[in-house]
Amino acid sequence: MSYLEATDLARSYQVGRAGFLRKPRSFFAVDGVTLTLNKGETLGIVGESGCGKSTLARLLLGLIPADRGVLTLQGQQTLGVSETEWRALRRRMQLVYQDAAGALDPRMSVRTQVEEPLHIHGLPLDGAERALQAVGLFGAMADRYPHELSGGQLQRVVIARALALEPEILVLDEPVSALDVSIQAQIVNLLMDLQRDFGLSYVFVSHDLSVVRHISNRVAVMYLGRIVEDAPRDQLFADPKHPYTRVLIDAAPKPDPSTRRAIRLEVGDPPNPADPPAGCGFHPRCPLAVDHCRKEAPELRRVAERRVACHLVSEPFG
Amino acid sequence: MIWLLTKTLRAITTLWLVVTFVFFVLRLSGDPTLVLLPDDIDEATRDFYRQLWGLDRPIMVQYWSYLGALLQGDFGISFRNNLDAFQLVWDRVPKTALLTGTALLISLAIGIPLGIIAALYRDSWIDRVVMAVSVFGFSMPNFFLGILLILVFSLNLRVLPSSGSGTWAHLIMPAATLGISFAAQFARYTRSSMIDVLNKSYMRTARSKGAGPLRRVNLHALPNAAIPVVTILGFKVGELLGGAVITETVFAWPGIGRLLTSSVAARDLAVVQCIMILLAFTMVVANMLTDLAYGWLDPRVRVGAKAGAR
Amino acid sequence: MGLTVNNLEVTIERRRGTAVRPVRGVSLRVEPGRTLALVGESGCGKSMSCLAIAGLLPRRARISAGSIEFEGADLATMPEAQAQKLRRRHVASVFQDATGGLNPVRSIGWQVAEAVRLREGATRAEADREAIRLLGRVGLPDPERRAREYPHQFSGGMNQRAMIALAVAGNPRVLIADEATTALDVTLQAQIIDLISDLRDSLGMAVLFVTHDLGLVAQSADDVAVMYAGRMAEIAPVARLFAAPRHPYTQGLLSALPGATGQSVRLTTIDGTVPPIDALPQGCAFAPRCGKASALCRDVDPTVHAGVACHHVLPAPVKTKRVFA
């Protein structure tokens, strides 16, 4: 029952300017990502900065064109479709991102901004009121301007604006990263309530493993534009297979002094995505790397419910 | 190396465009014989001069032959006195260079320190005074300031000569006239650039290292604040030369500017073209120097980002 | 030794003669070889407290009450020049944005060497050598070559290492790390935290670690001070604080963390938001969000007793090993 399905999605960017007698270099920010999102589930996407997770979020929504790959929503092609079809698809998938204050127009009341997408799609405006209530912004609150609201309230407005069109899928790019702990908890709860009440499917992009672990059904780990591991949440955290997943989980600070890392983490600095190493992208930092890893990039192989891209964990699984 | 090649090619293209533009605009703006020759002269004599100066040929033919001559360093002959146009212009270069150079020095010597002080004491009365004076300075038109100075110092106080270029005293008023508005502008640019830099977190780092105020300004802030100011300096060279035309006219300063006004009025095509090419050349060189200074000041330009930087 | 802050208060003069106090009576103590974490949500005054201790308060902000005792003298009241001299020699800071914190037109080596010279008065050649040694010490590969490079040629992590090298030049007694790892990726964050702990142990520094991330606190601190709306809410050894938080705000913060409750269950939240510093309520600033708040709370601002500032917490029955204020 795959719902949103991406196959071999890729997107490259140029580095530096093209000049006289100089060809610009380019690199793949997202390099052949294949994933599925099932109806009503939350797919967490984690990785460090530059791993391509935000680019992937935008690719999934068709906000930036893909270099290659196929994206289908309930079996229907979404890339390279006509303007009208694309608009209809856009209604079904919405983006919520981190910088709520930057995403809102300071000169428009909250209500006007939530109504805006309805205007654009020529829909009745009462959807805005429903969306505002759904995110917990009632009555006079909706007539305020962005500067009169706190960070948590702004994030609610952004979510309401995405909800106004009654989408089926929300792509959430670091939706709680800028918020303080107590506010973050409120927004995470809100997102989980909305998912239950409206049957939404989420793609939840974040660098924060603890939030992703809390909210996701499945988690995909990205490294240098590729998915290196993808598994049901509990399996991934209980038994990470890819060395990078393990490093990531080890490095994430846990709010429990009794779990302090006994050994130092020596994995070097993250690579420059514009200049990726040959072979497996993780090999320079991998404690287990062997010769083979330096030469050939491992493929993402499916084993049971999990997918892993590592030469060393292919055979006797678990 | 590629950088230099690109720059040179661009400079040559710019110069060629200027030559072409000036050439056609001047030819279309009227017949030089109407201005240079007496009104009551007969048509046959006019035709003689048209032939002599080559004005009877089709315009494209004139253009190509002019370009050809230019490439051999021949700028043509002045219609007014039959002298070599380039020689005529070149003789005036030192005077204009002296005037604009002095004006530039004055403007930098006044504007940059004032801008730094205003930034360091921002929002205080010092800042407000400097900014108020600078508004006054750059909103005052050149010719008006010039005439004002002449009224005060030449006619009333009788301490400075009102025109000519014989002595250092002659230089003071024209250079001040030209320099003051630039001083005002540099003060503003320097101030805003400095304020920008002073708010950067590396200035806090310098403070946390225990660097004193003088060290923070001289070694940490100024090298950064200079970068945008230098960029603007490159643009301002053109304005400075433009201002010189007016200033030279007001003070009867025998430089290129005054030669240009009189040559335009007389439709002395070869001289006007020669001056325009020279001005364009100066600006192109100024821009290249700016780029070089930029690279020297800013390591982000000098050494490109390497692997590891993101 | 170490540094003791008593009842620190910071006042910011605003335009039109009004003033706000982002820090209101903060007391803490950092000791050599130990890390004190100062935690709280944005606007709680933790960074402002640090800047006051480091002598880096912005224009218009000043220490309006309290003392900062260091080496038997009070940095808050001694003549400015003398305080600056002491701080220059002994108190170093590392901030969040390392790339922005380094001067873009100066080489990394120059910037570290400058710190060496300012702290120790070394000659140029000595300072250059020491800078390269320090850059190597903080884990920068090939320090001799790297010293000649500029911040834009470094990654964020390398710049943070350079900032740390610059901070520990001349062996300061106190290192203030203000959200020093916040902008970094987790793998880097872990390595930078390890580096700071390493340097703390080998140089015997007292570390004041400011962060909003309770996970980092649990992983790296010895003691924790929790701030709320400019005041100290609770201060305790790390194990005690996480095992048995006593202030309702600390309890709320810890239970709001994902992972505190079971997965996929609703997170515990603290209702409402932090009050702005120019509109603080009467009494305990946390009272409007606190489930336990009583008339007393809304009337009288509690002071810190046995490490907790709450009317509802009885003085601890057991004698705590470390006593704060």
# chains A, B, ... in the order shown; residues from 1 in each chain; ligands from 1

$ residues_around --residues "Thr36 in chain A" --least-positions-apart "6" --cutoff "7 Å" --atoms "only C-alpha atoms" --output "PyMOL selection string"
chain A and resi 2-6

$ write_last_selection --atoms "N, CA and C atoms" --output "PDB file, in the first residue's frame"
ATOM      1  N   SER A   2       1.803   1.202  -0.893  1.00  0.00           N
ATOM      2  CA  SER A   2       2.639   2.402  -0.965  1.00  0.00           C
ATOM      3  C   SER A   2       1.833   3.540  -1.574  1.00  0.00           C
ATOM      4  N   TYR A   3       2.159   4.695  -1.148  1.00  0.00           N
ATOM      5  CA  TYR A   3       1.291   5.828  -1.350  1.00  0.00           C
ATOM      6  C   TYR A   3       2.063   6.874  -2.153  1.00  0.00           C
ATOM      7  N   LEU A   4       3.120   7.348  -1.537  1.00  0.00           N
ATOM      8  CA  LEU A   4       4.048   8.203  -2.266  1.00  0.00           C
ATOM      9  C   LEU A   4       5.286   7.348  -2.526  1.00  0.00           C
ATOM     10  N   GLU A   5       5.686   7.304  -3.778  1.00  0.00           N
ATOM     11  CA  GLU A   5       6.787   6.418  -4.102  1.00  0.00           C
ATOM     12  C   GLU A   5       7.820   7.161  -4.949  1.00  0.00           C
ATOM     13  N   ALA A   6       9.045   7.181  -4.473  1.00  0.00           N
ATOM     14  CA  ALA A   6      10.117   7.834  -5.222  1.00  0.00           C
ATOM     15  C   ALA A   6      11.076   6.764  -5.702  1.00  0.00           C
TER      16      ALA A   6
END

$ closest_atom_pairs --of "chain A" --to "chain C" --cutoff "6 Å" --atoms "only C-alpha atoms" --output "tab-separated table"
residue	atom	partner	partner_atom	distance
A:Glu48	CA	C:Asp185	CA	5.6
A:Asp180	CA	C:Glu41	CA	5.7
A:Ser182	CA	C:Ile270	CA	5.6
A:Ala185	CA	C:Thr269	CA	5.7
A:Gln186	CA	C:Thr269	CA	5.9
A:Asn189	CA	C:Arg266	CA	5.6
A:Ser210	CA	C:Pro258	CA	5.8
A:Val211	CA	C:Pro258	CA	5.7
A:His214	CA	C:Gln263	CA	4.9
A:Ile215	CA	C:Ser264	CA	5.6
A:Ala251	CA	C:Thr187	CA	5.3
A:Ala252	CA	C:Val186	CA	5.7
A:Pro253	CA	C:Gly215	CA	4.6
A:Lys254	CA	C:Gly215	CA	4.5
A:Pro255	CA	C:Gly215	CA	3.8
A:Asp256	CA	C:Ala218	CA	5.4
A:Pro257	CA	C:Ala218	CA	4.5
A:Arg260	CA	C:Gln219	CA	5.3

$ write_last_selection --atoms "N, CA and C atoms" --output "short mmCIF file (atom, residue, chain, number, x, y, z; two decimals), in the first residue's frame"
data_model
loop_
_atom_site.label_atom_id
_atom_site.label_comp_id
_atom_site.auth_asym_id
_atom_site.auth_seq_id
_atom_site.Cartn_x
_atom_site.Cartn_y
_atom_site.Cartn_z
N GLU A 48 23.12 14.41 8.72
CA GLU A 48 23.77 15.64 9.13
C GLU A 48 23.65 16.69 8.03
N ASP A 180 12.23 25.89 21.55
CA ASP A 180 12.68 25.45 22.86
C ASP A 180 11.97 24.15 23.24
N SER A 182 10.18 23.02 25.70
CA SER A 182 8.79 22.95 26.15
C SER A 182 7.81 23.23 25.00
N ALA A 185 7.74 20.21 22.45
CA ALA A 185 6.84 19.13 22.87
C ALA A 185 5.41 19.44 22.44
N GLN A 186 5.01 20.71 22.58
CA GLN A 186 3.65 21.08 22.18
C GLN A 186 3.42 20.84 20.69
N ASN A 189 3.32 17.09 19.80
CA ASN A 189 2.00 16.54 20.15
C ASN A 189 0.94 16.96 19.13
N SER A 210 16.25 12.27 18.55
CA SER A 210 15.29 11.95 19.60
C SER A 210 13.86 12.29 19.16
N VAL A 211 13.71 13.40 18.44
CA VAL A 211 12.38 13.77 17.96
C VAL A 211 11.93 12.80 16.87
N HIS A 214 10.81 9.65 18.27
CA HIS A 214 9.53 9.74 18.94
C HIS A 214 8.36 9.68 17.96
N ILE A 215 8.51 10.34 16.84
CA ILE A 215 7.34 10.58 15.98
C ILE A 215 7.23 9.61 14.80
N ALA A 251 26.42 9.21 18.82
CA ALA A 251 26.83 10.61 19.00
C ALA A 251 25.69 11.46 19.56
N ALA A 252 24.45 11.06 19.30
CA ALA A 252 23.32 11.87 19.76
C ALA A 252 23.32 11.91 21.28
N PRO A 253 23.35 13.08 21.86
CA PRO A 253 23.42 13.18 23.31
C PRO A 253 22.11 12.77 23.96
N LYS A 254 22.19 11.81 24.85
CA LYS A 254 20.98 11.33 25.51
C LYS A 254 20.84 12.00 26.88
N PRO A 255 19.63 12.43 27.21
CA PRO A 255 19.45 13.17 28.46
C PRO A 255 19.45 12.27 29.68
N ASP A 256 20.50 11.49 29.81
CA ASP A 256 20.59 10.58 30.93
C ASP A 256 22.07 10.42 31.29
N PRO A 257 22.48 11.01 32.41
CA PRO A 257 23.91 11.00 32.75
C PRO A 257 24.47 9.59 32.92
N ARG A 260 26.56 7.93 29.74
CA ARG A 260 27.66 8.66 29.11
C ARG A 260 28.53 7.73 28.27
#

$ closest_residue --among "A:Val221, A:Gln133, A:Ala66, A:Gly50" --to "chain B" --atoms "only C-alpha atoms"
A:Gly50

$ atom_distance --atom1 "CA of Gly33 in chain C" --atom2 "CA of Gly45 in chain C"
24.7 Å

$ interface_residues --of "chain B" --to "chain C" --cutoff "12 Å" --atoms "only C-alpha atoms" --output "compact mmCIF listing (two decimals) with C-alpha atoms, in the first residue's frame"
# COMPACT_ATOMS: atom_id res chain seq x y z
CA LEU B 120 32.90 54.10 16.79
CA TYR B 121 30.71 56.67 18.52
CA ARG B 122 27.51 55.77 16.73
CA ASP B 123 24.31 57.36 17.99
CA VAL B 197 31.90 45.07 10.83
CA LEU B 198 31.80 46.19 14.47
CA ASN B 199 28.64 44.13 14.95
CA LYS B 200 30.28 40.97 13.59
CA SER B 201 30.97 38.22 16.04
CA TYR B 202 34.70 38.17 15.25
CA MET B 203 34.89 41.59 16.86
CA ARG B 204 33.57 40.01 20.04
CA THR B 205 36.19 37.30 19.67
CA ALA B 206 38.87 39.99 19.46
CA ARG B 207 37.45 41.55 22.59
CA SER B 208 37.41 38.23 24.38
CA LYS B 209 41.06 37.72 23.48
CA GLY B 210 41.74 40.92 25.31
CA ALA B 211 42.69 43.00 22.28
CA GLY B 212 42.58 46.70 23.13
CA PRO B 213 40.32 49.16 21.32
CA ARG B 215 44.13 46.96 18.05
CA ARG B 216 40.53 45.91 17.47
CA LEU B 219 43.91 45.07 12.95
CA HIS B 220 40.45 43.52 13.07
CA ALA B 221 37.80 45.97 11.91
CA LEU B 222 39.50 48.17 9.32
CA PRO B 223 40.81 45.46 6.98
CA ASN B 224 37.25 44.15 6.75
CA ALA B 225 35.54 47.52 6.53
CA ALA B 226 37.91 48.58 3.75
CA ILE B 227 36.61 45.95 1.35
CA TYR B 294 39.88 43.48 -3.67
CA GLY B 295 41.87 40.31 -4.05
CA TRP B 296 44.66 41.75 -1.96
CA LEU B 297 42.29 42.76 0.85
CA ASP B 298 39.99 39.79 0.84
CA PRO B 299 41.39 36.27 1.09
CA ARG B 300 37.99 34.91 0.10
CA VAL B 301 38.67 36.34 -3.34
CA ARG B 302 42.39 35.65 -3.32
CA VAL B 303 42.25 32.00 -2.33
CA GLY B 304 39.17 30.17 -3.49
CA ALA B 305 37.28 27.84 -1.22
CA LYS B 306 38.95 24.47 -1.01
CA ALA B 307 37.62 21.09 -0.10
CA GLY B 308 36.44 21.04 3.45
CA ALA B 309 34.90 24.48 3.33
CA ARG B 310 31.18 24.43 2.99

$ residues_around --residues "Phe286 in chain C" --least-positions-apart "5" --cutoff "9 Å" --atoms "only C-alpha atoms" --output "number ranges by chain"
C: 228-229, 248-249, 274-275, 281, 293, 297

$ atom_distance --atom1 "CA of Val130 in chain B" --atom2 "CA of Ala118 in chain B"
6.5 Å

$ residues_around --residues "Val229 in chain B" --least-positions-apart "5" --cutoff "8 Å" --atoms "only C-alpha atoms" --output "list of chain:residue names"
B:Phe186, B:Tyr189, B:Thr190, B:Ser193

$ write_last_selection --atoms "C-alpha atoms" --output "PDB file, in the first residue's frame"
ATOM      1  CA  PHE B 186      33.246  58.321   1.822  1.00  0.00           C
ATOM      2  CA  TYR B 189      30.220  54.548   3.264  1.00  0.00           C
ATOM      3  CA  THR B 190      32.990  54.092   5.784  1.00  0.00           C
ATOM      4  CA  SER B 193      30.727  49.559   6.536  1.00  0.00           C
TER       5      SER B 193
END

$ atom_distance --atom1 "CA of Asp173 in chain A" --atom2 "CA of Leu104 in chain A"
15.8 Å

$ select_by_dssp --residues "range 54-283 of chain C" --states "strand (DSSP E or B)" --output "VMD selection string"
chain C and resid 61 to 70 73 to 74 91 to 94 174 to 178 206 to 211 223 to 228 231 to 237
